[in-house]
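Here is the structure we will look at.
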Amino acid sequence: LEPRLNLVKVREVNRRIERLGGLNMGQRGSHRKYKVTVDGTTVSTVVPQHAGRDIPIGTLSAIQRDLEPALGKGWLS
């Protein structure tokens, strides 16, 4: 059983990705693109930057799924 994702603020997701080696590749409108490279595996994702709000669970699981090949299963939990 996978751990359930809880609602997380945008800033916290940005902080976790950056702490794990994610690079902010730029922002277009209210969406920030991140690239993560670990052991030769490069993946990317887009994080919506809607100020101060929680990221919806579906979007959060998509972000986690995008980065799993590099960061491992459950990196966001």
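As shown in the structure tokens, the chain order sets the letters A, B, ...; within each chain, residues go from 1, and ligands are also counted from 1 in the order they appear.
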
Exercise: Glu12 (chain A) partners within 12 Å, only C-alpha atoms, chain neighbours under 3 positions left out, as a short mmCIF file (atom, residue, chain, number, x, y, z; two decimals) with C-alpha atoms, in the first residue's frame:
data_model
loop_
_atom_site.label_atom_id
_atom_site.label_comp_id
_atom_site.auth_asym_id
_atom_site.auth_seq_id
_atom_site.Cartn_x
_atom_site.Cartn_y
_atom_site.Cartn_z
CA ASN A 6 -1.73 15.02 2.02
CA LEU A 7 -2.47 18.51 0.78
CA VAL A 8 0.79 20.43 0.49
CA LYS A 9 1.43 24.12 -0.10
CA ARG A 15 11.38 23.46 -1.39
CA ARG A 16 11.37 19.63 -1.40
CA ILE A 17 12.20 19.41 -5.10
CA GLU A 18 15.05 21.93 -4.74
CA ARG A 19 16.45 20.16 -1.64
CA VAL A 47 4.48 22.81 -10.58
CA GLN A 49 2.46 28.43 -8.56
CA ALA A 51 0.11 31.72 -4.42
CA GLY A 52 -0.32 30.29 -0.95
CA ARG A 53 -2.74 27.58 -1.97
CA ASP A 54 -2.63 23.82 -1.54
CA ILE A 55 -1.86 21.77 -4.63
CA LEU A 60 0.42 16.35 -6.52
CA LEU A 76 7.03 13.37 -1.61
CA SER A 77 5.41 11.53 1.33
#

Quiz prompt | strand (DSSP E or B) call set, DSSP backbone run, chain A, as a PyMOL selection string | solution = chain A and resi 8-9+23-28+31-38+41-48+54-55

Exercise. Tell me which protein, DNA and RNA residues are within 10 Å of Met25 (chain A), counting only C-alpha atoms, leaving out same-chain ones fewer than 5 positions away, and put them as JSON, numbers by chain.
Key: {"A": [32, 33, 34, 35, 36, 44, 46]}

Quiz item: How many Å lie between CA of His31 (chain A) and CA of Ser61 (chain A), rounded to one decimal?
Solution: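 So the two atoms, CA of His31 (chain A) and CA of Ser61 (chain A), lie 16.3 Å apart.
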
Self-check item: Nearby residues (only C-alpha atoms) at most 12 Å from Lys73 (chain A), same-chain spacing under 2 positions excluded, as a PyMOL selection string
Solution: chain A and resi 1-3+61+63-71+75-77

I need the chosen residues saved as a compact mmCIF listing (two decimals), in the first residue's frame, with N, CA and C atoms.
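File selection_19.txt, as written:
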# COMPACT_ATOMS: atom_id res chain seq x y z
N LEU A 1 0.83 -1.19 0.00
CA LEU A 1 0.00 0.00 0.00
C LEU A 1 0.87 1.25 0.00
N GLU A 2 0.54 2.17 -0.89
CA GLU A 2 1.28 3.42 -0.95
C GLU A 2 0.74 4.38 0.10
N PRO A 3 1.63 5.20 0.70
CA PRO A 3 1.13 6.20 1.64
C PRO A 3 0.29 7.23 0.91
N SER A 61 -0.03 14.04 -7.13
CA SER A 61 0.38 12.68 -7.49
C SER A 61 1.02 12.65 -8.88
N ILE A 63 2.89 15.11 -10.12
CA ILE A 63 4.24 15.64 -9.89
C ILE A 63 5.12 14.53 -9.31
N GLN A 64 4.59 13.81 -8.33
CA GLN A 64 5.34 12.72 -7.71
C GLN A 64 5.68 11.64 -8.73
N ARG A 65 4.72 11.28 -9.56
CA ARG A 65 4.91 10.25 -10.58
C ARG A 65 5.95 10.70 -11.62
N ASP A 66 5.93 11.99 -11.99
CA ASP A 66 6.91 12.51 -12.95
C ASP A 66 8.34 12.36 -12.45
N LEU A 67 8.55 12.58 -11.15
CA LEU A 67 9.91 12.61 -10.59
C LEU A 67 10.36 11.27 -9.99
N GLU A 68 9.47 10.29 -9.89
CA GLU A 68 9.81 8.99 -9.30
C GLU A 68 10.99 8.28 -9.94
N PRO A 69 11.14 8.30 -11.28
CA PRO A 69 12.28 7.58 -11.86
C PRO A 69 13.64 8.05 -11.32
N ALA A 70 13.74 9.31 -10.94
CA ALA A 70 15.02 9.83 -10.42
C ALA A 70 15.06 9.82 -8.90
N LEU A 71 13.95 10.16 -8.25
CA LEU A 71 13.97 10.34 -6.79
C LEU A 71 13.48 9.13 -6.02
N TRP A 75 8.83 9.76 -2.74
CA TRP A 75 9.76 10.83 -2.35
C TRP A 75 9.04 12.04 -1.75
N LEU A 76 7.76 12.20 -2.08
CA LEU A 76 7.03 13.37 -1.61
C LEU A 76 6.33 13.12 -0.28
N SER A 77 6.17 11.86 0.10
CA SER A 77 5.41 11.53 1.33
C SER A 77 6.20 11.83 2.58

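Nearest to Arg28 (chain A) of all the residues A:Gly58, A:Gly72, A:Pro48, A:Val10 is A:Pro48, based on only C-alpha atoms.
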
Write down as a PDB file with N, CA, C and O atoms, in the first residue's frame the residues of chain A whose backbone DSSP state falls under helix (DSSP H, G or I).
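part_0.pdb written:
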ATOM      1  N   VAL A  10       2.251  25.040  -2.169  1.00  0.00           N
ATOM      2  CA  VAL A  10       3.134  25.195  -3.324  1.00  0.00           C
ATOM      3  C   VAL A  10       4.584  25.395  -2.883  1.00  0.00           C
ATOM      4  O   VAL A  10       5.492  24.749  -3.405  1.00  0.00           O
ATOM      5  N   ARG A  11       4.793  26.259  -1.908  1.00  0.00           N
ATOM      6  CA  ARG A  11       6.157  26.543  -1.438  1.00  0.00           C
ATOM      7  C   ARG A  11       6.856  25.296  -0.924  1.00  0.00           C
ATOM      8  O   ARG A  11       8.050  25.124  -1.121  1.00  0.00           O
ATOM      9  N   GLU A  12       6.110  24.448  -0.226  1.00  0.00           N
ATOM     10  CA  GLU A  12       6.700  23.227   0.331  1.00  0.00           C
ATOM     11  C   GLU A  12       7.124  22.262  -0.778  1.00  0.00           C
ATOM     12  O   GLU A  12       8.187  21.653  -0.697  1.00  0.00           O
ATOM     13  N   VAL A  13       6.317  22.133  -1.823  1.00  0.00           N
ATOM     14  CA  VAL A  13       6.680  21.264  -2.946  1.00  0.00           C
ATOM     15  C   VAL A  13       7.935  21.808  -3.621  1.00  0.00           C
ATOM     16  O   VAL A  13       8.881  21.061  -3.897  1.00  0.00           O
ATOM     17  N   ASN A  14       7.973  23.123  -3.873  1.00  0.00           N
ATOM     18  CA  ASN A  14       9.161  23.740  -4.478  1.00  0.00           C
ATOM     19  C   ASN A  14      10.397  23.461  -3.628  1.00  0.00           C
ATOM     20  O   ASN A  14      11.447  23.076  -4.141  1.00  0.00           O
ATOM     21  N   ARG A  15      10.261  23.642  -2.326  1.00  0.00           N
ATOM     22  CA  ARG A  15      11.380  23.456  -1.394  1.00  0.00           C
ATOM     23  C   ARG A  15      11.878  22.015  -1.417  1.00  0.00           C
ATOM     24  O   ARG A  15      13.089  21.771  -1.471  1.00  0.00           O
ATOM     25  N   ARG A  16      10.967  21.049  -1.396  1.00  0.00           N
ATOM     26  CA  ARG A  16      11.370  19.629  -1.403  1.00  0.00           C
ATOM     27  C   ARG A  16      12.094  19.261  -2.691  1.00  0.00           C
ATOM     28  O   ARG A  16      13.108  18.578  -2.653  1.00  0.00           O
ATOM     29  N   ILE A  17      11.560  19.722  -3.817  1.00  0.00           N
ATOM     30  CA  ILE A  17      12.198  19.414  -5.101  1.00  0.00           C
ATOM     31  C   ILE A  17      13.600  20.015  -5.146  1.00  0.00           C
ATOM     32  O   ILE A  17      14.558  19.352  -5.548  1.00  0.00           O
ATOM     33  N   GLU A  18      13.740  21.267  -4.707  1.00  0.00           N
ATOM     34  CA  GLU A  18      15.047  21.928  -4.741  1.00  0.00           C
ATOM     35  C   GLU A  18      16.036  21.276  -3.777  1.00  0.00           C
ATOM     36  O   GLU A  18      17.212  21.138  -4.093  1.00  0.00           O
ATOM     37  N   ARG A  19      15.571  20.844  -2.600  1.00  0.00           N
ATOM     38  CA  ARG A  19      16.448  20.161  -1.639  1.00  0.00           C
ATOM     39  C   ARG A  19      16.969  18.839  -2.184  1.00  0.00           C
ATOM     40  O   ARG A  19      18.065  18.399  -1.842  1.00  0.00           O
ATOM     41  N   ILE A  57      -4.742  17.092  -4.898  1.00  0.00           N
ATOM     42  CA  ILE A  57      -4.175  15.753  -4.747  1.00  0.00           C
ATOM     43  C   ILE A  57      -3.796  15.138  -6.099  1.00  0.00           C
ATOM     44  O   ILE A  57      -2.738  14.542  -6.245  1.00  0.00           O
ATOM     45  N   GLY A  58      -4.637  15.288  -7.104  1.00  0.00           N
ATOM     46  CA  GLY A  58      -4.355  14.716  -8.420  1.00  0.00           C
ATOM     47  C   GLY A  58      -3.109  15.324  -9.046  1.00  0.00           C
ATOM     48  O   GLY A  58      -2.280  14.619  -9.629  1.00  0.00           O
ATOM     49  N   THR A  59      -2.956  16.632  -8.916  1.00  0.00           N
ATOM     50  CA  THR A  59      -1.781  17.321  -9.446  1.00  0.00           C
ATOM     51  C   THR A  59      -0.542  16.897  -8.680  1.00  0.00           C
ATOM     52  O   THR A  59       0.523  16.665  -9.266  1.00  0.00           O
ATOM     53  N   LEU A  60      -0.688  16.769  -7.369  1.00  0.00           N
ATOM     54  CA  LEU A  60       0.421  16.353  -6.517  1.00  0.00           C
ATOM     55  C   LEU A  60       0.896  14.947  -6.879  1.00  0.00           C
ATOM     56  O   LEU A  60       2.109  14.708  -6.972  1.00  0.00           O
ATOM     57  N   SER A  61      -0.034  14.038  -7.134  1.00  0.00           N
ATOM     58  CA  SER A  61       0.376  12.677  -7.487  1.00  0.00           C
ATOM     59  C   SER A  61       1.019  12.650  -8.880  1.00  0.00           C
ATOM     60  O   SER A  61       1.927  11.855  -9.122  1.00  0.00           O
ATOM     61  N   ALA A  62       0.595  13.532  -9.786  1.00  0.00           N
ATOM     62  CA  ALA A  62       1.226  13.610 -11.104  1.00  0.00           C
ATOM     63  C   ALA A  62       2.664  14.117 -10.986  1.00  0.00           C
ATOM     64  O   ALA A  62       3.570  13.600 -11.647  1.00  0.00           O
ATOM     65  N   ILE A  63       2.887  15.110 -10.123  1.00  0.00           N
ATOM     66  CA  ILE A  63       4.238  15.641  -9.893  1.00  0.00           C
ATOM     67  C   ILE A  63       5.120  14.533  -9.311  1.00  0.00           C
ATOM     68  O   ILE A  63       6.250  14.318  -9.745  1.00  0.00           O
ATOM     69  N   GLN A  64       4.590  13.809  -8.325  1.00  0.00           N
ATOM     70  CA  GLN A  64       5.345  12.716  -7.710  1.00  0.00           C
ATOM     71  C   GLN A  64       5.678  11.642  -8.731  1.00  0.00           C
ATOM     72  O   GLN A  64       6.806  11.162  -8.802  1.00  0.00           O
ATOM     73  N   ARG A  65       4.715  11.284  -9.557  1.00  0.00           N
ATOM     74  CA  ARG A  65       4.907  10.252 -10.585  1.00  0.00           C
ATOM     75  C   ARG A  65       5.951  10.700 -11.618  1.00  0.00           C
ATOM     76  O   ARG A  65       6.780   9.903 -12.048  1.00  0.00           O
ATOM     77  N   ASP A  66       5.933  11.985 -11.992  1.00  0.00           N
ATOM     78  CA  ASP A  66       6.910  12.515 -12.952  1.00  0.00           C
ATOM     79  C   ASP A  66       8.342  12.360 -12.446  1.00  0.00           C
ATOM     80  O   ASP A  66       9.252  12.059 -13.213  1.00  0.00           O
ATOM     81  N   LEU A  67       8.551  12.578 -11.147  1.00  0.00           N
ATOM     82  CA  LEU A  67       9.907  12.605 -10.594  1.00  0.00           C
ATOM     83  C   LEU A  67      10.358  11.272  -9.988  1.00  0.00           C
ATOM     84  O   LEU A  67      11.517  11.129  -9.611  1.00  0.00           O
ATOM     85  N   GLU A  68       9.470  10.292  -9.892  1.00  0.00           N
ATOM     86  CA  GLU A  68       9.807   8.989  -9.301  1.00  0.00           C
ATOM     87  C   GLU A  68      10.991   8.277  -9.942  1.00  0.00           C
ATOM     88  O   GLU A  68      11.791   7.681  -9.228  1.00  0.00           O
ATOM     89  N   PRO A  69      11.139   8.302 -11.282  1.00  0.00           N
ATOM     90  CA  PRO A  69      12.283   7.578 -11.862  1.00  0.00           C
ATOM     91  C   PRO A  69      13.638   8.048 -11.324  1.00  0.00           C
ATOM     92  O   PRO A  69      14.569   7.260 -11.221  1.00  0.00           O
ATOM     93  N   ALA A  70      13.743   9.310 -10.941  1.00  0.00           N
ATOM     94  CA  ALA A  70      15.015   9.830 -10.420  1.00  0.00           C
ATOM     95  C   ALA A  70      15.061   9.820  -8.900  1.00  0.00           C
ATOM     96  O   ALA A  70      16.085   9.501  -8.312  1.00  0.00           O
ATOM     97  N   LEU A  71      13.946  10.163  -8.249  1.00  0.00           N
ATOM     98  CA  LEU A  71      13.968  10.345  -6.789  1.00  0.00           C
ATOM     99  C   LEU A  71      13.479   9.133  -6.018  1.00  0.00           C
ATOM    100  O   LEU A  71      13.604   9.090  -4.799  1.00  0.00           O
TER     101      LEU A  71
END

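Coordinates place CA of Asn24 (chain A) at a distance of 16.2 Å from CA of His50 (chain A).
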
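The coordinates place CA of Val43 (chain A) at 20.4 Å from CA of Ser30 (chain A).
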